[in-house]
Amino acid sequence: MKIVPSKKMSLFTPAIFGDLKNFAREQQAKGMTLIDLSLGSPDLPPHAKIREHLSYRAGLAESYGYTLTGTQRFYEAVSRYYKRRSHVDLDPATEIIQTIGSQEGLVHLPIAFCDPGDIVLSTNPAYVAYDAGIHLAGATPYYMPQTADNGYLPDLDAVPEEIAERAKLLILNLPGNPVPAMPSLAYFEKVIAFAKKYNIIVLHDAAYSEFYFTGDGPISFLAAPGAKEVGMEINSLSKSFSLAGTRIAYIAGNAEMIAVIKQLKSNLDFGIFEPIQDAAVVALDNAEEITESLRATFSERHKTLMNGLQALGWEAAPSDGGMFVWAKYPFDMDCTELAFQLIEQVGVVTVPGTVFGTAGQGYLRLALVQPKELLQEAVDRLAQVQLLAQS
């Protein structure tokens with residue numbers, strides 16, 4: 001039997017993450033001790049309150065039916081969280097929709113709003129799910145510049161008039177993956193004015209919003225005046241609450257847009273396991289306690305890795321938040337080739353920048369997913385690579 005994949009599958013190239021992991025395992029089998037800074041999966045466990053409630057709810061016999069969508073308890077918890085953390089009012093019934101992790105929401109959302117040929121404004125580099133969703137919808141990406149001169153914020157002024165007039169959707173991610181640029185309300189106000197002028201839907205990916213190391217609270221796109229007129233924010237409990245494996249997230253914002261997504265999702269899934277939803281309620285209602293500890297830990301890790309890389313001559317993108325360090329290395333080498341050499345030579349696992357787009361050549365992404373002592377050891381090992389390269 002001859003198996004012929006659809007033409008659309010040509011748009012989805014195999015991710016390099018699997019190749020990196022396999023190569024790392026091979027080196028580990030040879031005796032190399034690895035420090036894995038590749039996957040942005042939190043190494044810290046969920047808070048005990050969350051784990052205990054999940055365990056309790058999972059033990060109840062009545063917890064195993066279809067949920068079909070988000071529970072009222074979950075939606076009300078999201079609404080309370082936004083009110084407390086960002087001073088944003090959300091209607092639990094009409095302005096929030098649950099997704100099975102942010103990846104699912106990000107990939108499916110363009111299908112709800114874009115037709116083949118529509119333009120979606122994104123960045124290069126950017127999280128890989130954005131392009132996957134754009135291609136799945138048959139839309140065309142246009143990449144906004146994201147440079148140091150503009151604080152690594154997507155440069156709206158650089159979008160040509162004819163492109164802006166054809167654009168249907170604008171995707172932002174602040175602080176971002178892989179580039180951890182931090183937003184401001186002033187920047188979001190500029191985005192809103194741009195979206196209103198050209199009638200563009202805005203989606204802000206706020207997966208790392210609780211990873212801020214300065215200031216008094218997360219900066220939500222929805223907190224900017226007029227945001228709900230033009231767009232939405234997608235947020236996940238994977239990072240901020242160490243619930244990556246539970247796959248629970250939500251999109252909040254414009255009620256008409258949320259209704260369209262609800263219609264799409266009603267044909268795609270039957271909801272998330274109810275004990276997970278109830279555990280998420282506990283997480284959201286205890287966000288201040290949980291995320292304060294998270295930030296303290298990741299702030300220390302961030303300082304350790306940033307200072308260490310800069311001392312080695314790496315150019316790390318300045319940041320005051322996020323879960324990653326985006327760094328230009330001082331070697332004249334292809335980033336993918338370097339990533340494999342780092343595993344082989346010193347056992348440090350990173351992600352080559354071109355995974356996130358062509359503009360990532362010359363960069364590596366390093367995740368803050370190890371204790372600061374191991375991050376310092378990773379820096380010490382990278383110093384040996386530098387010496388090898390100079391010898």
# chains A, B, ... in the order shown; residues from 1 in each chain; ligands from 1
>>> select_by_dssp(residues="stretch 114-277 of chain A", states="helix (DSSP H, G or I)", output="PyMOL selection string")
chain A and resi 128-136+148-150+156-158+161-166+185-198+221-223+227-230+237-240+244-246+255-265+274-277
>>> residues_around(residues="stretch 162-174 of chain A", least_positions_apart="3", cutoff="7 Å", atoms="only C-alpha atoms", output="count of residues only")
19
>>> closest_residue(among="A:Val128, A:Tyr329, A:Met1, A:Pro160", to="A:Phe17", atoms="only C-alpha atoms")
A:Val128
>>> residues_around(residues="A:Asn307", least_positions_apart="3", cutoff="12 Å", atoms="only C-alpha atoms", output="ChimeraX atom specification")
/A:300-304,310-319,325,327,372,375-376,379-380
>>> residues_around(residues="A:Val348", least_positions_apart="5", cutoff="8 Å", atoms="only C-alpha atoms", output="list in words")
Leu34, Ile35, Asp36, Leu37, Leu342, Ile343, Ala378, Arg381 and Leu382 of chain A
>>> atom_distance(atom1="atom CA of A:Ala112", atom2="atom CA of A:Tyr127")
19.6 Å
>>> closest_residue(among="A:Ala186, A:Met144, A:Ala244, A:Ile272", to="A:Gly65", atoms="only C-alpha atoms")
A:Ile272
>>> closest_residue(among="A:Asp19, A:Glu229, A:Glu76, A:Glu104", to="A:Asn199", atoms="only C-alpha atoms")
A:Glu229
>>> select_by_dssp(residues="stretch 130-355 of chain A", states="strand (DSSP E)", output="short mmCIF file (atom, residue, chain, number, x, y, z; two decimals) with N, CA and C atoms, in the first residue's frame")
data_model
loop_
_atom_site.label_atom_id
_atom_site.label_comp_id
_atom_site.auth_asym_id
_atom_site.auth_seq_id
_atom_site.Cartn_x
_atom_site.Cartn_y
_atom_site.Cartn_z
N THR A 140 -1.21 33.57 4.81
CA THR A 140 0.18 33.90 4.47
C THR A 140 0.79 34.74 5.58
N PRO A 141 1.92 34.32 6.14
CA PRO A 141 2.54 35.12 7.20
C PRO A 141 3.32 36.30 6.63
N TYR A 142 3.31 37.40 7.35
CA TYR A 142 4.20 38.52 7.07
C TYR A 142 4.92 38.83 8.38
N TYR A 143 6.25 38.84 8.31
CA TYR A 143 7.04 38.93 9.53
C TYR A 143 7.48 40.36 9.81
N MET A 144 7.05 40.87 10.95
CA MET A 144 7.45 42.20 11.40
C MET A 144 8.87 42.15 11.96
N ALA A 167 -4.05 42.60 5.97
CA ALA A 167 -3.86 41.74 7.13
C ALA A 167 -5.19 41.48 7.84
N LYS A 168 -5.37 40.26 8.30
CA LYS A 168 -6.57 39.85 9.01
C LYS A 168 -6.31 39.64 10.51
N LEU A 169 -5.08 39.24 10.83
CA LEU A 169 -4.75 38.84 12.20
C LEU A 169 -3.33 39.29 12.53
N LEU A 170 -3.14 39.72 13.78
CA LEU A 170 -1.83 40.11 14.29
C LEU A 170 -1.55 39.30 15.54
N ILE A 171 -0.42 38.57 15.55
CA ILE A 171 -0.06 37.73 16.70
C ILE A 171 1.14 38.34 17.41
N LEU A 172 0.98 38.57 18.72
CA LEU A 172 2.05 39.09 19.56
C LEU A 172 2.34 38.10 20.69
N ASN A 173 3.55 38.18 21.24
CA ASN A 173 3.95 37.29 22.33
C ASN A 173 4.95 38.04 23.20
N ILE A 201 -7.61 41.80 13.67
CA ILE A 201 -7.81 41.12 14.94
C ILE A 201 -6.45 40.90 15.61
N VAL A 202 -6.37 41.19 16.90
CA VAL A 202 -5.12 41.01 17.64
C VAL A 202 -5.24 39.81 18.57
N LEU A 203 -4.21 38.96 18.56
CA LEU A 203 -4.10 37.88 19.53
C LEU A 203 -2.78 38.04 20.27
N HIS A 204 -2.87 38.25 21.58
CA HIS A 204 -1.66 38.34 22.38
C HIS A 204 -1.46 37.04 23.15
N ASP A 205 -0.33 36.40 22.92
CA ASP A 205 0.05 35.17 23.63
C ASP A 205 0.75 35.58 24.92
N GLY A 231 -9.37 42.66 20.11
CA GLY A 231 -8.67 41.39 20.20
C GLY A 231 -8.86 40.59 21.45
N MET A 232 -7.90 39.67 21.64
CA MET A 232 -7.98 38.65 22.68
C MET A 232 -6.59 38.39 23.24
N GLU A 233 -6.59 37.67 24.35
CA GLU A 233 -5.34 37.23 24.97
C GLU A 233 -5.46 35.75 25.27
N ILE A 234 -4.45 34.98 24.89
CA ILE A 234 -4.42 33.56 25.22
C ILE A 234 -3.40 33.35 26.33
N ASN A 235 -3.78 32.59 27.33
CA ASN A 235 -2.89 32.36 28.46
C ASN A 235 -3.01 30.90 28.88
N SER A 236 -1.92 30.40 29.42
CA SER A 236 -1.83 28.99 29.77
C SER A 236 -1.43 28.86 31.23
N ALA A 249 -5.62 25.84 29.20
CA ALA A 249 -5.38 27.24 28.90
C ALA A 249 -6.72 27.89 28.57
N TYR A 250 -6.68 29.15 28.17
CA TYR A 250 -7.91 29.85 27.83
C TYR A 250 -7.60 31.03 26.92
N ILE A 251 -8.60 31.46 26.18
CA ILE A 251 -8.55 32.70 25.41
C ILE A 251 -9.60 33.63 26.00
N ALA A 252 -9.24 34.89 26.22
CA ALA A 252 -10.16 35.86 26.81
C ALA A 252 -10.15 37.14 25.98
N GLY A 253 -11.30 37.82 25.94
CA GLY A 253 -11.35 39.09 25.23
C GLY A 253 -12.67 39.33 24.54
N GLU A 315 26.12 37.71 23.30
CA GLU A 315 25.25 38.89 23.31
C GLU A 315 23.82 38.43 23.61
N ALA A 316 23.46 38.46 24.88
CA ALA A 316 22.12 38.05 25.29
C ALA A 316 21.17 39.23 25.16
N PHE A 324 13.20 32.39 29.03
CA PHE A 324 14.31 32.02 28.15
C PHE A 324 15.35 33.13 28.10
N VAL A 325 16.53 32.75 27.65
CA VAL A 325 17.57 33.70 27.26
C VAL A 325 17.83 33.48 25.78
N TRP A 326 17.81 34.56 25.03
CA TRP A 326 18.04 34.53 23.57
C TRP A 326 19.41 35.16 23.34
N ALA A 327 20.36 34.36 22.91
CA ALA A 327 21.74 34.82 22.91
C ALA A 327 22.44 34.58 21.58
N LYS A 328 23.18 35.59 21.15
CA LYS A 328 24.03 35.48 19.96
C LYS A 328 25.40 35.01 20.42
N VAL A 348 25.75 20.38 27.11
CA VAL A 348 24.74 21.42 27.32
C VAL A 348 23.76 21.38 26.14
N VAL A 349 22.47 21.17 26.44
CA VAL A 349 21.46 21.03 25.40
C VAL A 349 20.72 22.36 25.25
N VAL A 351 18.62 25.07 22.05
CA VAL A 351 17.83 25.02 20.82
C VAL A 351 18.39 26.01 19.81
N PRO A 352 18.72 25.57 18.60
CA PRO A 352 19.23 26.49 17.59
C PRO A 352 18.18 27.52 17.18
#
>>> closest_residue(among="A:Lys8, A:Arg84, A:Lys190, A:Arg365", to="A:Gly133", atoms="only C-alpha atoms")
A:Lys8
>>> atom_distance(atom1="atom CA of A:Gly59", atom2="atom CA of A:Phe273")
12.5 Å
>>> closest_residue(among="A:Ala137, A:Ile276, A:Ala132, A:Ala126", to="A:Ser238", atoms="only C-alpha atoms")
A:Ile276
>>> atom_distance(atom1="atom CA of A:Tyr130", atom2="atom CA of A:Ser184")
22.1 Å
